[in-house]
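Undergrad: File name coords.txt; file contents compact mmCIF, N, CA and C atoms; full text below.
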# COMPACT_ATOMS: atom_id res chain seq x y z
N MET I 110 3.04 17.69 30.02
CA MET I 110 2.28 17.17 28.90
C MET I 110 0.83 17.07 29.32
N THR I 111 -0.05 17.42 28.44
CA THR I 111 -1.47 17.41 28.74
C THR I 111 -2.05 15.99 28.59
N ASN I 112 -3.14 15.70 29.30
CA ASN I 112 -3.78 14.40 29.22
C ASN I 112 -4.96 14.38 28.26
N LYS I 113 -5.25 15.49 27.62
CA LYS I 113 -6.36 15.54 26.69
C LYS I 113 -6.04 14.72 25.45
N SER I 114 -7.08 14.12 24.85
CA SER I 114 -6.84 13.24 23.71
C SER I 114 -6.61 13.99 22.41
N ASN I 115 -7.28 15.09 22.20
CA ASN I 115 -7.10 15.86 20.97
C ASN I 115 -6.79 17.30 21.31
N ILE I 116 -5.71 17.80 20.74
CA ILE I 116 -5.31 19.18 20.93
C ILE I 116 -5.30 19.83 19.56
N TYR I 117 -5.99 20.96 19.43
CA TYR I 117 -6.06 21.68 18.17
C TYR I 117 -5.52 23.08 18.36
N ILE I 118 -4.73 23.53 17.38
CA ILE I 118 -4.26 24.91 17.36
C ILE I 118 -4.88 25.54 16.13
N SER I 119 -5.77 26.49 16.36
CA SER I 119 -6.49 27.15 15.28
C SER I 119 -5.55 28.11 14.55
N ILE I 120 -5.55 28.01 13.22
CA ILE I 120 -4.67 28.81 12.37
C ILE I 120 -5.54 29.72 11.50
N GLY I 121 -5.07 30.94 11.25
CA GLY I 121 -5.85 31.96 10.55
C GLY I 121 -6.06 31.73 9.06
N SER I 122 -5.26 30.89 8.42
CA SER I 122 -5.46 30.64 6.99
C SER I 122 -4.90 29.25 6.65
N ILE I 123 -5.37 28.70 5.55
CA ILE I 123 -4.86 27.41 5.11
C ILE I 123 -3.39 27.51 4.74
N THR I 124 -2.97 28.65 4.21
CA THR I 124 -1.56 28.84 3.86
C THR I 124 -0.68 28.74 5.09
N TYR I 125 -1.05 29.43 6.16
CA TYR I 125 -0.27 29.34 7.40
C TYR I 125 -0.35 27.95 8.01
N ALA I 126 -1.50 27.30 7.89
CA ALA I 126 -1.64 25.95 8.43
C ALA I 126 -0.67 24.99 7.72
N MET I 127 -0.57 25.10 6.41
CA MET I 127 0.34 24.24 5.66
C MET I 127 1.80 24.55 5.99
N LYS I 128 2.13 25.83 6.13
CA LYS I 128 3.49 26.22 6.51
C LYS I 128 3.83 25.69 7.90
N ALA I 129 2.88 25.79 8.81
CA ALA I 129 3.09 25.31 10.17
C ALA I 129 3.31 23.80 10.18
N GLU I 130 2.50 23.08 9.42
CA GLU I 130 2.66 21.62 9.36
C GLU I 130 4.04 21.25 8.84
N GLU I 131 4.48 21.91 7.80
CA GLU I 131 5.80 21.63 7.23
C GLU I 131 6.91 21.93 8.24
N LEU I 132 6.82 23.09 8.90
CA LEU I 132 7.81 23.47 9.89
C LEU I 132 7.86 22.47 11.04
N LEU I 133 6.71 22.21 11.64
CA LEU I 133 6.67 21.35 12.82
C LEU I 133 7.08 19.92 12.51
N SER I 134 6.70 19.42 11.37
CA SER I 134 7.12 18.08 10.96
C SER I 134 8.63 18.02 10.81
N SER I 135 9.22 19.07 10.25
CA SER I 135 10.68 19.10 10.07
C SER I 135 11.41 19.15 11.41
N LEU I 136 10.73 19.64 12.45
CA LEU I 136 11.31 19.71 13.78
C LEU I 136 11.02 18.45 14.62
N GLY I 137 10.29 17.51 14.03
CA GLY I 137 10.02 16.24 14.71
C GLY I 137 8.74 16.19 15.51
N TYR I 138 7.88 17.19 15.37
CA TYR I 138 6.60 17.19 16.08
C TYR I 138 5.54 16.52 15.22
N PHE I 139 4.62 15.79 15.87
CA PHE I 139 3.46 15.27 15.15
C PHE I 139 2.47 16.41 14.97
N CYS I 140 1.98 16.58 13.76
CA CYS I 140 0.88 17.53 13.53
C CYS I 140 0.22 17.20 12.20
N ARG I 141 -1.06 17.49 12.13
CA ARG I 141 -1.84 17.30 10.92
C ARG I 141 -2.76 18.49 10.74
N VAL I 142 -2.88 18.94 9.51
CA VAL I 142 -3.87 19.98 9.21
C VAL I 142 -5.22 19.28 9.08
N GLU I 143 -6.19 19.80 9.82
CA GLU I 143 -7.54 19.23 9.80
C GLU I 143 -8.55 20.37 9.82
N ARG I 144 -9.76 20.05 9.41
CA ARG I 144 -10.86 21.01 9.56
C ARG I 144 -11.06 21.25 11.04
N THR I 145 -11.25 22.51 11.41
CA THR I 145 -11.51 22.82 12.81
C THR I 145 -12.88 22.28 13.19
N PRO I 146 -12.95 21.51 14.29
CA PRO I 146 -14.27 21.05 14.74
C PRO I 146 -15.22 22.23 14.94
N LYS I 147 -16.47 22.04 14.61
CA LYS I 147 -17.45 23.13 14.61
C LYS I 147 -17.60 23.83 15.95
N ASN I 148 -17.35 23.13 17.04
CA ASN I 148 -17.53 23.74 18.36
C ASN I 148 -16.29 24.49 18.84
N MET I 149 -15.28 24.61 17.97
CA MET I 149 -14.04 25.28 18.37
C MET I 149 -13.71 26.43 17.43
N GLY I 150 -13.59 27.60 18.00
CA GLY I 150 -13.07 28.75 17.25
C GLY I 150 -13.79 29.08 15.97
N SER I 151 -13.21 30.03 15.28
CA SER I 151 -13.74 30.46 13.99
C SER I 151 -12.56 30.82 13.11
N GLY I 152 -12.83 31.35 11.97
CA GLY I 152 -11.75 31.73 11.08
C GLY I 152 -11.84 30.93 9.81
N CYS I 153 -10.70 30.48 9.31
CA CYS I 153 -10.68 29.82 8.02
C CYS I 153 -11.22 28.41 8.08
N GLY I 154 -11.33 27.83 9.29
CA GLY I 154 -11.85 26.49 9.41
C GLY I 154 -10.79 25.41 9.43
N TYR I 155 -9.51 25.80 9.57
CA TYR I 155 -8.43 24.82 9.63
C TYR I 155 -7.64 24.97 10.91
N SER I 156 -7.20 23.83 11.43
CA SER I 156 -6.39 23.79 12.63
C SER I 156 -5.31 22.75 12.47
N LEU I 157 -4.35 22.81 13.35
CA LEU I 157 -3.35 21.76 13.47
C LEU I 157 -3.77 20.86 14.62
N ARG I 158 -3.83 19.56 14.37
CA ARG I 158 -4.04 18.62 15.47
C ARG I 158 -2.64 18.19 15.89
N VAL I 159 -2.33 18.34 17.17
CA VAL I 159 -1.00 18.04 17.68
C VAL I 159 -1.10 17.08 18.85
N LYS I 160 0.04 16.44 19.17
CA LYS I 160 0.09 15.52 20.31
C LYS I 160 1.04 16.03 21.39
N ASP I 161 1.97 16.90 21.01
CA ASP I 161 2.94 17.41 21.97
C ASP I 161 2.36 18.56 22.77
N GLU I 162 3.07 18.92 23.82
CA GLU I 162 2.64 20.02 24.69
C GLU I 162 2.41 21.27 23.83
N PRO I 163 1.20 21.84 23.86
CA PRO I 163 0.90 22.98 22.99
C PRO I 163 1.79 24.19 23.22
N SER I 164 2.29 24.39 24.44
CA SER I 164 3.17 25.55 24.66
C SER I 164 4.47 25.41 23.87
N PHE I 165 4.95 24.19 23.69
CA PHE I 165 6.15 23.97 22.86
C PHE I 165 5.85 24.29 21.40
N ILE I 166 4.69 23.85 20.94
CA ILE I 166 4.28 24.07 19.55
C ILE I 166 4.08 25.56 19.28
N THR I 167 3.32 26.22 20.14
CA THR I 167 3.05 27.64 19.89
C THR I 167 4.32 28.47 19.99
N ALA I 168 5.27 28.07 20.82
CA ALA I 168 6.55 28.78 20.89
C ALA I 168 7.28 28.69 19.55
N GLN I 169 7.25 27.54 18.92
CA GLN I 169 7.88 27.39 17.60
C GLN I 169 7.15 28.22 16.54
N LEU I 170 5.82 28.23 16.61
CA LEU I 170 5.06 29.03 15.66
C LEU I 170 5.42 30.51 15.80
N LYS I 171 5.47 31.00 17.03
CA LYS I 171 5.84 32.40 17.27
C LYS I 171 7.24 32.68 16.77
N ARG I 172 8.17 31.79 17.09
CA ARG I 172 9.57 31.96 16.71
C ARG I 172 9.74 32.08 15.20
N HIS I 173 8.89 31.39 14.44
CA HIS I 173 8.99 31.38 12.99
C HIS I 173 7.96 32.29 12.31
N GLY I 174 7.30 33.13 13.09
CA GLY I 174 6.38 34.12 12.53
C GLY I 174 5.11 33.57 11.93
N ILE I 175 4.63 32.45 12.47
CA ILE I 175 3.37 31.86 11.98
C ILE I 175 2.28 32.16 13.01
N PRO I 176 1.33 33.00 12.65
CA PRO I 176 0.28 33.37 13.61
C PRO I 176 -0.72 32.23 13.83
N TYR I 177 -1.25 32.18 15.04
CA TYR I 177 -2.29 31.22 15.35
C TYR I 177 -3.35 31.94 16.19
N ARG I 178 -4.55 31.35 16.25
CA ARG I 178 -5.66 32.00 16.94
C ARG I 178 -5.88 31.51 18.37
N GLY I 179 -5.64 30.25 18.61
CA GLY I 179 -5.87 29.71 19.94
C GLY I 179 -5.63 28.23 20.01
N VAL I 180 -5.63 27.72 21.23
CA VAL I 180 -5.44 26.30 21.49
C VAL I 180 -6.74 25.76 22.08
N TYR I 181 -7.20 24.63 21.55
CA TYR I 181 -8.46 24.04 21.99
C TYR I 181 -8.25 22.56 22.28
N TYR I 182 -9.01 22.05 23.23
CA TYR I 182 -8.92 20.64 23.63
C TYR I 182 -10.28 19.97 23.43
N SER I 183 -10.23 18.71 23.05
CA SER I 183 -11.48 17.93 22.98
C SER I 183 -11.24 16.52 23.45
Show me the file's structure as structure tokens.
TA:
Amino acid sequence: MTNKSNIYISIGSITYAMKAEELLSSLGYFCRVERTPKNMGSGCGYSLRVKDEPSFITAQLKRHGIPYRGVYYS
């Protein structure tokens, strides 16, 4: 588990971000769709803020065909 306070997973579209939030919440993970902080990534401007280990989260996204752009810490 990471010690960083905020973990963001950048998502390519708001549609995928909403699908990811629904999926991850149903699996018991904490996540919220938020505007991507200006100093992180580019794209549609939305990310998932998560608290669990990002490798677990991204594995679920891959498994369910939800693309993501990257993982960022703040």
Undergrad: Which polymer residues have any atom within 7 Å of an atom of stretch 116-132 of chain I, counting only N, CA and C atoms, with same-chain residues fewer than 5 positions away left out, as a PDB file with N, CA and C atoms, in the frame of the given file?
TA:
ATOM      1  N   GLY I 137      10.290  17.510  14.030  1.00  0.00           N
ATOM      2  CA  GLY I 137      10.020  16.240  14.710  1.00  0.00           C
ATOM      3  C   GLY I 137       8.740  16.190  15.510  1.00  0.00           C
ATOM      4  N   TYR I 138       7.880  17.190  15.370  1.00  0.00           N
ATOM      5  CA  TYR I 138       6.600  17.190  16.080  1.00  0.00           C
ATOM      6  C   TYR I 138       5.540  16.520  15.220  1.00  0.00           C
ATOM      7  N   CYS I 140       1.980  16.580  13.760  1.00  0.00           N
ATOM      8  CA  CYS I 140       0.880  17.530  13.530  1.00  0.00           C
ATOM      9  C   CYS I 140       0.220  17.200  12.200  1.00  0.00           C
ATOM     10  N   ARG I 141      -1.060  17.490  12.130  1.00  0.00           N
ATOM     11  CA  ARG I 141      -1.840  17.300  10.920  1.00  0.00           C
ATOM     12  C   ARG I 141      -2.760  18.490  10.740  1.00  0.00           C
ATOM     13  N   VAL I 142      -2.880  18.940   9.510  1.00  0.00           N
ATOM     14  CA  VAL I 142      -3.870  19.980   9.210  1.00  0.00           C
ATOM     15  C   VAL I 142      -5.220  19.280   9.080  1.00  0.00           C
ATOM     16  N   GLY I 152     -12.830  31.350  11.970  1.00  0.00           N
ATOM     17  CA  GLY I 152     -11.750  31.730  11.080  1.00  0.00           C
ATOM     18  C   GLY I 152     -11.840  30.930   9.810  1.00  0.00           C
ATOM     19  N   CYS I 153     -10.700  30.480   9.310  1.00  0.00           N
ATOM     20  CA  CYS I 153     -10.680  29.820   8.020  1.00  0.00           C
ATOM     21  C   CYS I 153     -11.220  28.410   8.080  1.00  0.00           C
ATOM     22  N   GLY I 154     -11.330  27.830   9.290  1.00  0.00           N
ATOM     23  CA  GLY I 154     -11.850  26.490   9.410  1.00  0.00           C
ATOM     24  C   GLY I 154     -10.790  25.410   9.430  1.00  0.00           C
ATOM     25  N   TYR I 155      -9.510  25.800   9.570  1.00  0.00           N
ATOM     26  CA  TYR I 155      -8.430  24.820   9.630  1.00  0.00           C
ATOM     27  C   TYR I 155      -7.640  24.970  10.910  1.00  0.00           C
ATOM     28  N   SER I 156      -7.200  23.830  11.430  1.00  0.00           N
ATOM     29  CA  SER I 156      -6.390  23.790  12.630  1.00  0.00           C
ATOM     30  C   SER I 156      -5.310  22.750  12.470  1.00  0.00           C
ATOM     31  N   LEU I 157      -4.350  22.810  13.350  1.00  0.00           N
ATOM     32  CA  LEU I 157      -3.350  21.760  13.470  1.00  0.00           C
ATOM     33  C   LEU I 157      -3.770  20.860  14.620  1.00  0.00           C
ATOM     34  N   ARG I 158      -3.830  19.560  14.370  1.00  0.00           N
ATOM     35  CA  ARG I 158      -4.040  18.620  15.470  1.00  0.00           C
ATOM     36  C   ARG I 158      -2.640  18.190  15.890  1.00  0.00           C
ATOM     37  N   VAL I 159      -2.330  18.340  17.170  1.00  0.00           N
ATOM     38  CA  VAL I 159      -1.000  18.040  17.680  1.00  0.00           C
ATOM     39  C   VAL I 159      -1.100  17.080  18.850  1.00  0.00           C
ATOM     40  N   LYS I 160       0.040  16.440  19.170  1.00  0.00           N
ATOM     41  CA  LYS I 160       0.090  15.520  20.310  1.00  0.00           C
ATOM     42  C   LYS I 160       1.040  16.030  21.390  1.00  0.00           C
ATOM     43  N   LEU I 170       5.820  28.230  16.610  1.00  0.00           N
ATOM     44  CA  LEU I 170       5.060  29.030  15.660  1.00  0.00           C
ATOM     45  C   LEU I 170       5.420  30.510  15.800  1.00  0.00           C
ATOM     46  N   ILE I 175       4.630  32.450  12.470  1.00  0.00           N
ATOM     47  CA  ILE I 175       3.370  31.860  11.980  1.00  0.00           C
ATOM     48  C   ILE I 175       2.280  32.160  13.010  1.00  0.00           C
ATOM     49  N   PRO I 176       1.330  33.000  12.650  1.00  0.00           N
ATOM     50  CA  PRO I 176       0.280  33.370  13.610  1.00  0.00           C
ATOM     51  C   PRO I 176      -0.720  32.230  13.830  1.00  0.00           C
ATOM     52  N   TYR I 177      -1.250  32.180  15.040  1.00  0.00           N
ATOM     53  CA  TYR I 177      -2.290  31.220  15.350  1.00  0.00           C
ATOM     54  C   TYR I 177      -3.350  31.940  16.190  1.00  0.00           C
ATOM     55  N   ARG I 178      -4.550  31.350  16.250  1.00  0.00           N
ATOM     56  CA  ARG I 178      -5.660  32.000  16.940  1.00  0.00           C
ATOM     57  C   ARG I 178      -5.880  31.510  18.370  1.00  0.00           C
ATOM     58  N   GLY I 179      -5.640  30.250  18.610  1.00  0.00           N
ATOM     59  CA  GLY I 179      -5.870  29.710  19.940  1.00  0.00           C
ATOM     60  C   GLY I 179      -5.630  28.230  20.010  1.00  0.00           C
ATOM     61  N   VAL I 180      -5.630  27.720  21.230  1.00  0.00           N
ATOM     62  CA  VAL I 180      -5.440  26.300  21.490  1.00  0.00           C
ATOM     63  C   VAL I 180      -6.740  25.760  22.080  1.00  0.00           C
ATOM     64  N   TYR I 181      -7.200  24.630  21.550  1.00  0.00           N
ATOM     65  CA  TYR I 181      -8.460  24.040  21.990  1.00  0.00           C
ATOM     66  C   TYR I 181      -8.250  22.560  22.280  1.00  0.00           C
ATOM     67  N   TYR I 182      -9.010  22.050  23.230  1.00  0.00           N
ATOM     68  CA  TYR I 182      -8.920  20.640  23.630  1.00  0.00           C
ATOM     69  C   TYR I 182     -10.280  19.970  23.430  1.00  0.00           C
ATOM     70  N   SER I 183     -10.230  18.710  23.050  1.00  0.00           N
ATOM     71  CA  SER I 183     -11.480  17.930  22.980  1.00  0.00           C
ATOM     72  C   SER I 183     -11.240  16.520  23.450  1.00  0.00           C
TER      73      SER I 183
END
Undergrad: Check the DSSP output for the backbone and give back, as a ChimeraX atom specification, the residues of chain I in strand (DSSP E or B).
TA: /I:116-120,140-144,155-159,177-182
Undergrad: Suppose you want the space between atom CA of I:Gln169 and atom CA of I:Leu133; what is it in Å?
TA: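 Going from atom CA of I:Gln169 over to atom CA of I:Leu133, I get 7.8 Å.
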Undergrad: As an exercise, work out the distance from atom CA of I:Ile166 to atom CA of I:Lys147 in Å and give it to one decimal place.
TA: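 Rounded to one decimal, the two atoms are 22.3 Å apart.
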Undergrad: Distance atom C of I:Glu143-atom CA of I:Arg172, one decimal place?
TA: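 Between atom C of I:Glu143 and atom CA of I:Arg172 the gap is 22.6 Å.
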Undergrad: Taking the chain letters and numbering used in this document, name the residues of stretch 121-157 of chain I that DSSP puts in helix (DSSP H, G or I), as a PyMOL selection string.
TA: chain I and resi 123-135
Undergrad: Take every atom of stretch 164-181 of chain I listed in the file, fit an axis-aligned box around them, add 8 Å per side, and give the centre and edge lengths in Å to one decimal as lines of an AutoDock Vina configuration file.
TA:
center_x = 0.6
center_y = 28.3
center_z = 18.3
size_x = 34.2
size_y = 27.6
size_z = 28.7
